>>> print(open('query_32.cif').read())   # mmCIF, C-alpha atoms and all ligand atoms
data_start
#
loop_
_atom_site.group_PDB
_atom_site.id
_atom_site.type_symbol
_atom_site.label_atom_id
_atom_site.label_comp_id
_atom_site.auth_asym_id
_atom_site.auth_seq_id
_atom_site.Cartn_x
_atom_site.Cartn_y
_atom_site.Cartn_z
ATOM 1 C CA MET A 1 87.008 140.211 86.184
ATOM 2 C CA ASN A 2 87.479 143.487 84.303
ATOM 3 C CA ILE A 3 84.178 144.519 82.744
ATOM 4 C CA PHE A 4 85.479 147.783 81.287
ATOM 5 C CA PRO A 5 85.271 149.362 78.849
ATOM 6 C CA LEU A 6 81.548 148.821 78.313
ATOM 7 C CA LYS A 7 81.005 149.058 74.571
ATOM 8 C CA ILE A 8 77.629 149.459 72.936
ATOM 9 C CA ASN A 9 77.960 148.907 69.242
ATOM 10 C CA ASN A 10 75.213 149.737 66.757
ATOM 11 C CA LEU A 11 72.330 149.099 69.147
ATOM 12 C CA ASN A 12 68.936 149.179 67.480
ATOM 13 C CA TYR A 13 65.769 147.985 69.158
ATOM 14 C CA SER A 14 62.270 147.988 67.726
ATOM 15 C CA VAL A 15 58.957 146.459 68.717
ATOM 16 C CA ASN A 16 56.311 146.017 66.009
ATOM 17 C CA GLU A 17 58.099 148.466 63.735
ATOM 18 C CA ASN A 18 58.268 151.106 66.497
ATOM 19 C CA THR A 19 61.877 152.143 66.815
ATOM 20 C CA ILE A 20 62.674 152.463 70.517
ATOM 21 C CA LEU A 21 66.490 152.727 70.385
ATOM 22 C CA LYS A 22 68.335 153.773 67.242
ATOM 23 C CA ASP A 23 72.001 153.492 66.197
ATOM 24 C CA ILE A 24 73.467 153.742 69.662
ATOM 25 C CA HIS A 25 77.255 153.582 69.828
ATOM 26 C CA LEU A 26 79.034 154.392 73.027
ATOM 27 C CA THR A 27 81.974 153.458 75.209
ATOM 28 C CA CYS A 28 82.039 153.848 79.001
ATOM 29 C CA GLU A 29 85.695 153.702 79.963
ATOM 30 C CA LYS A 30 85.484 154.417 83.616
ATOM 31 C CA ASN A 31 83.849 152.898 86.593
ATOM 32 C CA THR A 32 81.960 156.066 87.538
ATOM 33 C CA LEU A 33 78.332 156.832 88.277
ATOM 34 C CA THR A 34 76.553 157.170 84.952
ATOM 35 C CA ILE A 35 73.266 159.032 84.688
ATOM 36 C CA ILE A 36 70.863 158.179 81.879
ATOM 37 C CA ALA A 37 68.597 161.140 81.206
ATOM 38 C CA GLY A 38 65.995 162.164 78.658
ATOM 39 C CA ASN A 39 62.303 162.925 78.358
ATOM 40 C CA ASN A 40 59.518 160.396 78.965
ATOM 41 C CA GLY A 41 59.590 157.679 76.337
ATOM 42 C CA SER A 42 63.133 158.495 75.190
ATOM 43 C CA GLY A 43 64.276 154.906 75.855
ATOM 44 C CA LYS A 44 66.050 155.097 79.225
ATOM 45 C CA SER A 45 64.333 152.113 80.873
ATOM 46 C CA THR A 46 64.662 150.086 77.677
ATOM 47 C CA LEU A 47 68.400 150.793 77.533
ATOM 48 C CA LEU A 48 68.797 149.731 81.185
ATOM 49 C CA LYS A 49 66.827 146.522 80.571
ATOM 50 C CA ILE A 50 69.096 145.724 77.603
ATOM 51 C CA LEU A 51 72.265 146.312 79.644
ATOM 52 C CA HIS A 52 70.747 144.236 82.466
ATOM 53 C CA GLY A 53 69.990 141.421 80.022
ATOM 54 C CA LEU A 54 66.219 141.367 80.452
ATOM 55 C CA ILE A 55 65.754 142.440 76.838
ATOM 56 C CA LYS A 56 67.937 140.376 74.528
ATOM 57 C CA VAL A 57 69.920 141.938 71.693
ATOM 58 C CA PRO A 58 72.606 140.399 69.431
ATOM 59 C CA ILE A 59 75.555 139.320 71.589
ATOM 60 C CA ASN A 60 78.176 141.673 70.108
ATOM 61 C CA THR A 61 75.983 144.747 70.504
ATOM 62 C CA VAL A 62 76.871 145.028 74.197
ATOM 63 C CA ARG A 63 80.344 144.018 75.423
ATOM 64 C CA TRP A 64 81.638 144.366 78.982
ATOM 65 C CA GLY A 65 85.396 144.143 78.475
ATOM 66 C CA ASP A 66 85.801 140.621 77.076
ATOM 67 C CA TYR A 67 82.436 139.550 78.459
ATOM 68 C CA SER A 68 78.857 139.463 77.205
ATOM 69 C CA THR A 69 75.832 140.619 79.192
ATOM 70 C CA SER A 70 74.955 137.029 80.123
ATOM 71 C CA ASN A 71 78.535 136.433 81.405
ATOM 72 C CA ILE A 72 78.130 139.227 83.957
ATOM 73 C CA LYS A 73 74.501 138.433 84.895
ATOM 74 C CA ILE A 74 75.487 137.035 88.279
ATOM 75 C CA ASN A 75 77.476 140.191 89.128
ATOM 76 C CA GLN A 76 74.719 142.725 88.582
ATOM 77 C CA SER A 77 71.269 143.720 89.767
ATOM 78 C CA MET A 78 68.487 146.106 88.847
ATOM 79 C CA VAL A 79 66.035 148.370 90.642
ATOM 80 C CA PHE A 80 63.024 148.587 88.350
ATOM 81 C CA GLN A 81 61.056 151.787 87.815
ATOM 82 C CA THR A 82 58.016 149.927 89.167
ATOM 83 C CA PRO A 83 59.506 147.521 91.706
ATOM 84 C CA ILE A 84 58.308 143.938 91.557
ATOM 85 C CA LEU A 85 58.133 142.344 95.008
ATOM 86 C CA LEU A 86 56.931 138.982 96.246
ATOM 87 C CA ASN A 87 53.619 138.832 98.110
ATOM 88 C CA ARG A 88 55.538 138.348 101.376
ATOM 89 C CA THR A 89 57.019 140.529 104.107
ATOM 90 C CA THR A 90 59.926 142.891 103.478
ATOM 91 C CA TYR A 91 62.145 140.536 105.492
ATOM 92 C CA ASP A 92 61.103 137.539 103.373
ATOM 93 C CA ASN A 93 61.682 139.466 100.136
ATOM 94 C CA LEU A 94 65.245 140.194 101.268
ATOM 95 C CA ALA A 95 65.747 136.649 102.556
ATOM 96 C CA TYR A 96 64.601 135.337 99.173
ATOM 97 C CA VAL A 97 67.380 137.271 97.398
ATOM 98 C CA THR A 98 70.052 136.180 99.899
ATOM 99 C CA LYS A 99 69.000 132.563 99.381
ATOM 100 C CA LYS A 100 69.104 132.950 95.596
ATOM 101 C CA LYS A 101 72.626 134.379 95.911
ATOM 102 C CA ASN A 102 73.706 131.537 98.237
ATOM 103 C CA ILE A 103 74.438 133.886 101.134
ATOM 104 C CA THR A 104 74.459 131.805 104.282
ATOM 105 C CA GLU A 105 75.539 134.452 106.770
ATOM 106 C CA LYS A 106 72.909 134.374 109.533
ATOM 107 C CA PHE A 107 72.475 138.094 110.147
ATOM 108 C CA TYR A 108 72.876 139.315 106.561
ATOM 109 C CA VAL A 109 69.229 140.339 106.122
ATOM 110 C CA GLU A 110 69.275 142.212 109.459
ATOM 111 C CA LYS A 111 72.389 144.089 108.328
ATOM 112 C CA ILE A 112 70.736 145.174 105.078
ATOM 113 C CA ILE A 113 67.602 146.214 106.993
ATOM 114 C CA GLU A 114 69.758 148.325 109.293
ATOM 115 C CA LYS A 115 71.818 149.824 106.450
ATOM 116 C CA LEU A 116 68.675 150.872 104.600
ATOM 117 C CA ASN A 117 66.892 151.964 107.787
ATOM 118 C CA ILE A 118 63.770 149.879 107.040
ATOM 119 C CA LYS A 119 63.258 147.993 110.310
ATOM 120 C CA ILE A 120 59.822 149.569 110.742
ATOM 121 C CA ILE A 121 58.516 147.861 107.581
ATOM 122 C CA SER A 122 60.394 144.567 107.881
ATOM 123 C CA ASP A 123 57.330 142.562 108.984
ATOM 124 C CA ILE A 124 54.839 144.183 106.621
ATOM 125 C CA ASN A 125 53.636 142.355 103.534
ATOM 126 C CA ALA A 126 54.928 144.058 100.391
ATOM 127 C CA LYS A 127 51.388 144.423 99.043
ATOM 128 C CA TYR A 128 50.635 146.971 101.795
ATOM 129 C CA LEU A 129 53.780 149.064 101.339
ATOM 130 C CA SER A 130 53.599 152.630 100.035
ATOM 131 C CA GLY A 131 55.263 153.521 96.733
ATOM 132 C CA GLY A 132 58.315 154.978 98.457
ATOM 133 C CA GLU A 133 58.584 152.005 100.831
ATOM 134 C CA ARG A 134 58.509 149.631 97.868
ATOM 135 C CA GLN A 135 61.401 151.589 96.352
ATOM 136 C CA LYS A 136 63.331 151.267 99.615
ATOM 137 C CA VAL A 137 62.873 147.479 99.613
ATOM 138 C CA ALA A 138 63.835 147.249 95.933
ATOM 139 C CA ILE A 139 67.032 149.232 96.593
ATOM 140 C CA ALA A 140 67.809 146.995 99.586
ATOM 141 C CA MET A 141 67.328 143.902 97.392
ATOM 142 C CA SER A 142 69.610 145.310 94.696
ATOM 143 C CA ILE A 143 72.635 145.712 96.955
ATOM 144 C CA ILE A 144 72.496 142.187 98.387
ATOM 145 C CA GLY A 145 75.560 140.125 97.484
ATOM 146 C CA SER A 146 77.770 143.123 96.543
ATOM 147 C CA PRO A 147 77.073 143.254 92.795
ATOM 148 C CA LYS A 148 79.680 144.875 90.536
ATOM 149 C CA VAL A 149 77.049 146.722 88.501
ATOM 150 C CA ILE A 150 73.661 148.087 89.635
ATOM 151 C CA PHE A 151 71.059 149.484 87.250
ATOM 152 C CA MET A 152 68.747 151.883 89.041
ATOM 153 C CA ASP A 153 65.676 153.091 87.180
ATOM 154 C CA GLU A 154 64.476 156.302 88.872
ATOM 155 C CA PRO A 155 65.208 154.716 92.268
ATOM 156 C CA THR A 156 64.408 157.803 94.346
ATOM 157 C CA SER A 157 61.427 159.189 92.395
ATOM 158 C CA GLN A 158 59.008 158.465 95.260
ATOM 159 C CA LEU A 159 61.268 159.062 98.240
ATOM 160 C CA ASP A 160 60.926 161.918 100.709
ATOM 161 C CA PRO A 161 63.846 164.403 100.754
ATOM 162 C CA ALA A 162 65.526 163.072 103.908
ATOM 163 C CA TYR A 163 65.397 159.444 102.781
ATOM 164 C CA LYS A 164 66.477 160.458 99.256
ATOM 165 C CA ASN A 165 69.566 161.964 100.878
ATOM 166 C CA GLU A 166 70.252 158.714 102.788
ATOM 167 C CA ILE A 167 69.916 156.697 99.576
ATOM 168 C CA GLU A 168 72.097 159.089 97.590
ATOM 169 C CA ASN A 169 74.796 158.676 100.242
ATOM 170 C CA ILE A 170 74.541 154.892 99.946
ATOM 171 C CA ILE A 171 74.692 155.086 96.130
ATOM 172 C CA VAL A 172 77.733 157.419 96.186
ATOM 173 C CA ASP A 173 79.400 155.163 98.739
ATOM 174 C CA LEU A 174 78.831 152.100 96.526
ATOM 175 C CA SER A 175 80.199 153.998 93.539
ATOM 176 C CA ASN A 176 83.270 155.148 95.472
ATOM 177 C CA ASN A 177 83.847 151.517 96.391
ATOM 178 C CA GLY A 178 84.013 150.390 92.782
ATOM 179 C CA VAL A 179 80.394 149.463 92.026
ATOM 180 C CA LYS A 180 79.356 150.667 88.582
ATOM 181 C CA ILE A 181 75.994 152.433 88.847
ATOM 182 C CA PHE A 182 73.713 153.362 85.964
ATOM 183 C CA LEU A 183 70.939 155.564 87.247
ATOM 184 C CA THR A 184 68.050 157.185 85.424
ATOM 185 C CA SER A 185 66.695 160.378 86.877
ATOM 186 C CA HIS A 186 64.634 163.421 85.944
ATOM 187 C CA ASP A 187 65.869 165.212 89.047
ATOM 188 C CA ILE A 188 68.424 167.780 87.871
ATOM 189 C CA SER A 189 69.620 168.631 91.389
ATOM 190 C CA GLN A 190 70.235 164.946 92.008
ATOM 191 C CA ILE A 191 72.057 164.587 88.685
ATOM 192 C CA ARG A 192 74.322 167.521 89.683
ATOM 193 C CA ARG A 193 74.872 166.102 93.175
ATOM 194 C CA ILE A 194 75.795 162.526 92.388
ATOM 195 C CA GLY A 195 76.378 162.083 88.633
ATOM 196 C CA LYS A 196 79.862 161.785 87.162
ATOM 197 C CA GLU A 197 78.975 161.031 83.558
ATOM 198 C CA ILE A 198 75.730 161.489 81.591
ATOM 199 C CA ILE A 199 74.087 159.767 78.664
ATOM 200 C CA PHE A 200 71.222 161.819 77.218
ATOM 201 C CA LEU A 201 68.631 160.176 74.984
ATOM 202 C CA ASP A 202 66.055 161.767 72.726
ATOM 203 C CA LYS A 203 63.473 159.580 70.958
ATOM 204 C CA GLY A 204 65.753 156.567 71.181
ATOM 205 C CA LYS A 205 68.874 158.365 69.941
ATOM 206 C CA LEU A 206 71.975 159.182 71.917
ATOM 207 C CA ILE A 207 72.362 162.948 71.731
ATOM 208 C CA TYR A 208 74.967 163.590 74.453
ATOM 209 C CA HIS A 209 77.550 161.539 76.348
ATOM 210 C CA ASP A 210 80.199 163.237 78.458
ATOM 211 C CA CYS A 211 81.137 164.072 82.035
ATOM 212 C CA ILE A 212 78.575 165.876 84.209
ATOM 213 C CA GLU A 213 80.711 168.958 84.716
ATOM 214 C CA LYS A 214 80.948 169.499 80.978
ATOM 215 C CA PHE A 215 77.231 168.785 80.521
ATOM 216 C CA PHE A 216 76.302 171.661 82.816
ATOM 217 C CA LYS A 217 78.760 174.051 81.087
ATOM 218 C CA ASP A 218 78.083 173.159 77.439
ATOM 219 C CA LYS A 219 75.640 174.915 75.128
ATOM 220 C CA HIS A 220 72.693 172.671 74.257
ATOM 221 C CA CYS A 221 69.641 172.471 72.038
ATOM 222 C CA ASP A 222 66.256 173.662 73.412
ATOM 223 C CA LEU A 223 65.250 170.130 74.410
ATOM 224 C CA VAL A 224 68.227 169.674 76.732
ATOM 225 C CA ASN A 225 68.035 173.270 77.996
ATOM 226 C CA ASN A 226 64.388 172.741 78.953
ATOM 227 C CA TYR A 227 65.298 169.510 80.715
ATOM 228 C CA ILE A 228 67.997 171.312 82.696
ATOM 229 C CA ASN A 229 65.883 174.398 83.430
ATOM 230 C CA TYR A 230 62.709 172.630 84.532
ATOM 231 C CA GLY A 231 64.144 169.422 85.985
HETATM 232 N N1 LIG B 301 57.396 146.308 74.429
HETATM 233 C C1 LIG B 301 57.079 147.504 73.917
HETATM 234 N N2 LIG B 301 56.178 147.614 72.931
HETATM 235 C C2 LIG B 301 55.885 148.809 72.377
HETATM 236 N N3 LIG B 301 56.442 149.978 72.777
HETATM 237 C C3 LIG B 301 57.347 149.919 73.750
HETATM 238 C C4 LIG B 301 57.719 148.704 74.377
HETATM 239 N N4 LIG B 301 58.648 148.962 75.315
HETATM 240 C C5 LIG B 301 58.830 150.286 75.294
HETATM 241 N N5 LIG B 301 58.044 150.873 74.362
HETATM 242 C C6 LIG B 301 57.995 152.299 74.019
HETATM 243 O O1 LIG B 301 59.338 152.729 73.873
HETATM 244 C C7 LIG B 301 59.504 154.038 74.352
HETATM 245 C C8 LIG B 301 60.627 154.076 75.371
HETATM 246 O O2 LIG B 301 60.190 153.465 76.581
HETATM 247 P P1 LIG B 301 61.035 153.559 77.916
HETATM 248 O O3 LIG B 301 60.242 152.897 78.984
HETATM 249 O O4 LIG B 301 62.389 153.030 77.648
HETATM 250 O O5 LIG B 301 61.087 155.132 78.131
HETATM 251 P P2 LIG B 301 61.745 155.969 79.316
HETATM 252 O O6 LIG B 301 62.761 156.880 78.708
HETATM 253 O O7 LIG B 301 62.185 155.061 80.385
HETATM 254 O O8 LIG B 301 60.507 156.893 79.813
HETATM 255 P P3 LIG B 301 60.086 157.385 81.292
HETATM 256 O O9 LIG B 301 60.891 158.632 81.572
HETATM 257 O O10 LIG B 301 58.634 157.714 81.123
HETATM 258 O O11 LIG B 301 60.315 156.279 82.259
HETATM 259 C C9 LIG B 301 58.136 154.468 74.895
HETATM 260 O O12 LIG B 301 57.493 155.264 73.946
HETATM 261 C C10 LIG B 301 57.421 153.165 75.116
HETATM 262 O O13 LIG B 301 56.027 153.318 74.968
HETATM 263 MG MG MG B 302 61.565 154.746 82.310
#
>>> encode(input="query_32.cif", output="structure tokens", more="lines below")
Ligand SMILES: Nc1ncnc2c1ncn2[C@@H]1O[C@H](COP(=O)(O)OP(=O)(O)OP(=O)(O)O)[C@@H](O)[C@H]1O
Ligand SMILES: [Mg+2]
Amino acid sequence: MNIFPLKINNLNYSVNENTILKDIHLTCEKNTLTIIAGNNGSGKSTLLKILHGLIKVPINTVRWGDYSTSNIKINQSMVFQTPILLNRTTYDNLAYVTKKKNITEKFYVEKIIEKLNIKIISDINAKYLSGGERQKVAIAMSIIGSPKVIFMDEPTSQLDPAYKNEIENIIVDLSNNGVKIFLTSHDISQIRRIGKEIIFLDKGKLIYHDCIEKFFKDKHCDLVNNYINYG
């Protein structure tokens, strides 16, 4: 199943006459790690939710190769900016996803727990987890079943530096193994470390789309310069 190029064609999205995304056209040719950046309220999470299929748009607006967003639903997952977890233990949250994905391998959940280094919280109910721990569980849930595409909405915003490094290594590893990652981040050092391509939004408009190296060399408007200088 070849889901590239991803083509977004004339994407407009409004709620109650508030324009949230405007005239977005873009093509992602390569299976690299794509950063989505921009100030608060610029439309990053909304764009991810549209690509994920949670927010519906006309079918031809988003094409993955010959496929529509609903065709690839089973092959992708999302880490939400505010993770939603079941009122059960970490282990049960992970087991729930494996069951939904028909994974019958007996030790699969243990493997994920080990990979994400979250044994210490595996028996704790999600309602008691700290913000960063909830992010860890959400990231663990997103990689279950080897999805082809993972949307990650500020997945490391609450993580301590050492764990952020562990997660970045996992994300880069997934990307190097052919998983397409879309990741939003306000963390400029992180964007430099792991990004390969960047989409920059301003008030719902696409104002930059190119490779990361070029992004950090190019001349920009004040808005992007401030983002780079203070991020
Ligand atoms: N259902 C909705 N109804 C009204 N306004 C909405 C709705 N969904 C999003 N918005 C508005 O659209 C804009 C973009 O929201 P979005 O969550 O995509 O921003 P963001 O770039 O992810 O911001 P942040 O960096 O703060 O996470 C915001 O101003 C938000 O208030
Ligand atoms: Mg957001």
>>> residues_near_point(input="query_32.cif", point="(64.5, 172.0, 81.0)", cutoff="12 Å", atoms="all atoms listed in the file", output="CSV table (one decimal) with C-alpha atoms, keeping the file's coordinate frame")
chain,number,residue,atom,x,y,z
A,37,ALA,CA,68.6,161.1,81.2
A,38,GLY,CA,66.0,162.2,78.7
A,39,ASN,CA,62.3,162.9,78.4
A,186,HIS,CA,64.6,163.4,85.9
A,187,ASP,CA,65.9,165.2,89.0
A,188,ILE,CA,68.4,167.8,87.9
A,216,PHE,CA,76.3,171.7,82.8
A,220,HIS,CA,72.7,172.7,74.3
A,221,CYS,CA,69.6,172.5,72.0
A,222,ASP,CA,66.3,173.7,73.4
A,223,LEU,CA,65.2,170.1,74.4
A,224,VAL,CA,68.2,169.7,76.7
A,225,ASN,CA,68.0,173.3,78.0
A,226,ASN,CA,64.4,172.7,79.0
A,227,TYR,CA,65.3,169.5,80.7
A,228,ILE,CA,68.0,171.3,82.7
A,229,ASN,CA,65.9,174.4,83.4
A,230,TYR,CA,62.7,172.6,84.5
A,231,GLY,CA,64.1,169.4,86.0
>>> residues_near_ligand(input="query_32.cif", ligand="ligand MG 302 (chain B)", cutoff="10 Å", atoms="all atoms listed in the file", output="ChimeraX atom specification")
/A:36-49,80-82,153-154,184-186
>>> write_last_selection(input="query_32.cif", atoms="C-alpha atoms", output="PDB file, in the coordinates of the input")
ATOM      1  CA  ILE A  36      70.863 158.179  81.879  1.00  0.00           C
ATOM      2  CA  ALA A  37      68.597 161.140  81.206  1.00  0.00           C
ATOM      3  CA  GLY A  38      65.995 162.164  78.658  1.00  0.00           C
ATOM      4  CA  ASN A  39      62.303 162.925  78.358  1.00  0.00           C
ATOM      5  CA  ASN A  40      59.518 160.396  78.965  1.00  0.00           C
ATOM      6  CA  GLY A  41      59.590 157.679  76.337  1.00  0.00           C
ATOM      7  CA  SER A  42      63.133 158.495  75.190  1.00  0.00           C
ATOM      8  CA  GLY A  43      64.276 154.906  75.855  1.00  0.00           C
ATOM      9  CA  LYS A  44      66.050 155.097  79.225  1.00  0.00           C
ATOM     10  CA  SER A  45      64.333 152.113  80.873  1.00  0.00           C
ATOM     11  CA  THR A  46      64.662 150.086  77.677  1.00  0.00           C
ATOM     12  CA  LEU A  47      68.400 150.793  77.533  1.00  0.00           C
ATOM     13  CA  LEU A  48      68.797 149.731  81.185  1.00  0.00           C
ATOM     14  CA  LYS A  49      66.827 146.522  80.571  1.00  0.00           C
ATOM     15  CA  PHE A  80      63.024 148.587  88.350  1.00  0.00           C
ATOM     16  CA  GLN A  81      61.056 151.787  87.815  1.00  0.00           C
ATOM     17  CA  THR A  82      58.016 149.927  89.167  1.00  0.00           C
ATOM     18  CA  ASP A 153      65.676 153.091  87.180  1.00  0.00           C
ATOM     19  CA  GLU A 154      64.476 156.302  88.872  1.00  0.00           C
ATOM     20  CA  THR A 184      68.050 157.185  85.424  1.00  0.00           C
ATOM     21  CA  SER A 185      66.695 160.378  86.877  1.00  0.00           C
ATOM     22  CA  HIS A 186      64.634 163.421  85.944  1.00  0.00           C
TER      23      HIS A 186
END
>>> residues_around(input="query_32.cif", residues="stretch 133-140 of chain A", least_positions_apart="4", cutoff="8 Å", atoms="only C-alpha atoms", output="list in words")
Val79, Phe80, Pro83, Ile84, Leu85, Thr90, Leu94, Ile112, Ile113, Leu116, Ile118, Ile121, Ala126, Leu129, Ile144, Pro155, Thr156, Gln158 and Leu159 of chain A
>>> residues_around(input="query_32.cif", residues="A:Leu26", least_positions_apart="4", cutoff="12 Å", atoms="all atoms listed in the file", output="PyMOL selection string")
chain A and resi 5-11+61-64+198-200+205-210
>>> resolve_selection(input="query_32.cif", expression="the PyMOL selection byres (((chain A and resi 149) around 8) and not hetatm)", output="list in words")
Asn75, Gln76, Ser77, Pro147, Lys148, Ile150, Phe151, Val179, Lys180, Ile181 and Phe182 of chain A
>>> closest_residue(input="query_32.cif", among="A:Asp23, A:Pro161, A:Phe4, A:Thr34", to="A:Asp66", atoms="all atoms listed in the file")
A:Phe4
>>> closest_residue(input="query_32.cif", among="A:Lys119, A:Arg88, A:Lys106, A:Lys196", to="A:Thr32", atoms="all atoms listed in the file")
A:Lys196
>>> closest_residue(input="query_32.cif", among="A:Ile20, A:Ser14, A:Gly65, A:Leu183", to="ligand LIG 301 (chain B)", atoms="all atoms listed in the file")
A:Ile20
>>> closest_residue(input="query_32.cif", among="A:Lys100, A:Asn18, A:Ala95, A:Thr89", to="ligand LIG 301 (chain B)", atoms="all atoms listed in the file")
A:Asn18
>>> axis_aligned_box(input="query_32.cif", around="ligand LIG 301 (chain B)", padding_each_side="3 Å", output="lines of an AutoDock Vina configuration file")
center_x = 59.3
center_y = 152.5
center_z = 77.3
size_x = 12.9
size_y = 18.3
size_z = 15.9
>>> closest_residue(input="query_32.cif", among="A:Lys101, A:Asp123, A:Leu86, A:Gly178", to="A:Lys73", atoms="only C-alpha atoms")
A:Lys101
>>> residues_around(input="query_32.cif", residues="A:Val172", least_positions_apart="3", cutoff="9 Å", atoms="all atoms listed in the file", output="PDB file with C-alpha atoms, keeping the file's coordinate frame")
ATOM      1  CA  LEU A  33      78.332 156.832  88.277  1.00  0.00           C
ATOM      2  CA  ILE A 167      69.916 156.697  99.576  1.00  0.00           C
ATOM      3  CA  GLU A 168      72.097 159.089  97.590  1.00  0.00           C
ATOM      4  CA  ASN A 169      74.796 158.676 100.242  1.00  0.00           C
ATOM      5  CA  SER A 175      80.199 153.998  93.539  1.00  0.00           C
ATOM      6  CA  ASN A 176      83.270 155.148  95.472  1.00  0.00           C
ATOM      7  CA  ASN A 177      83.847 151.517  96.391  1.00  0.00           C
ATOM      8  CA  ILE A 194      75.795 162.526  92.388  1.00  0.00           C
ATOM      9  CA  GLY A 195      76.378 162.083  88.633  1.00  0.00           C
TER      10      GLY A 195
END
>>> atom_distance(input="query_32.cif", atom1="atom CA of A:Tyr67", atom2="atom CA of A:Thr19")
26.8 Å
>>> atom_distance(input="query_32.cif", atom1="atom CA of A:Asp173", atom2="atom CA of A:Thr104")
24.5 Å
>>> closest_residue(input="query_32.cif", among="A:Glu114, A:Glu105, A:Asp160, A:Glu197", to="A:Ser130", atoms="all atoms listed in the file")
A:Asp160
>>> atom_distance(input="query_32.cif", atom1="atom C8 of ligand LIG 301 (chain B)", atom2="atom CA of A:Pro58")
19.1 Å
>>> residues_around(input="query_32.cif", residues="A:Asp92", least_positions_apart="5", cutoff="10 Å", atoms="all atoms listed in the file", output="list in words")
Leu86, Asn87, Val97, Thr98, Val109, Ser122, Asp123, Ile124, Asn125 and Ala126 of chain A
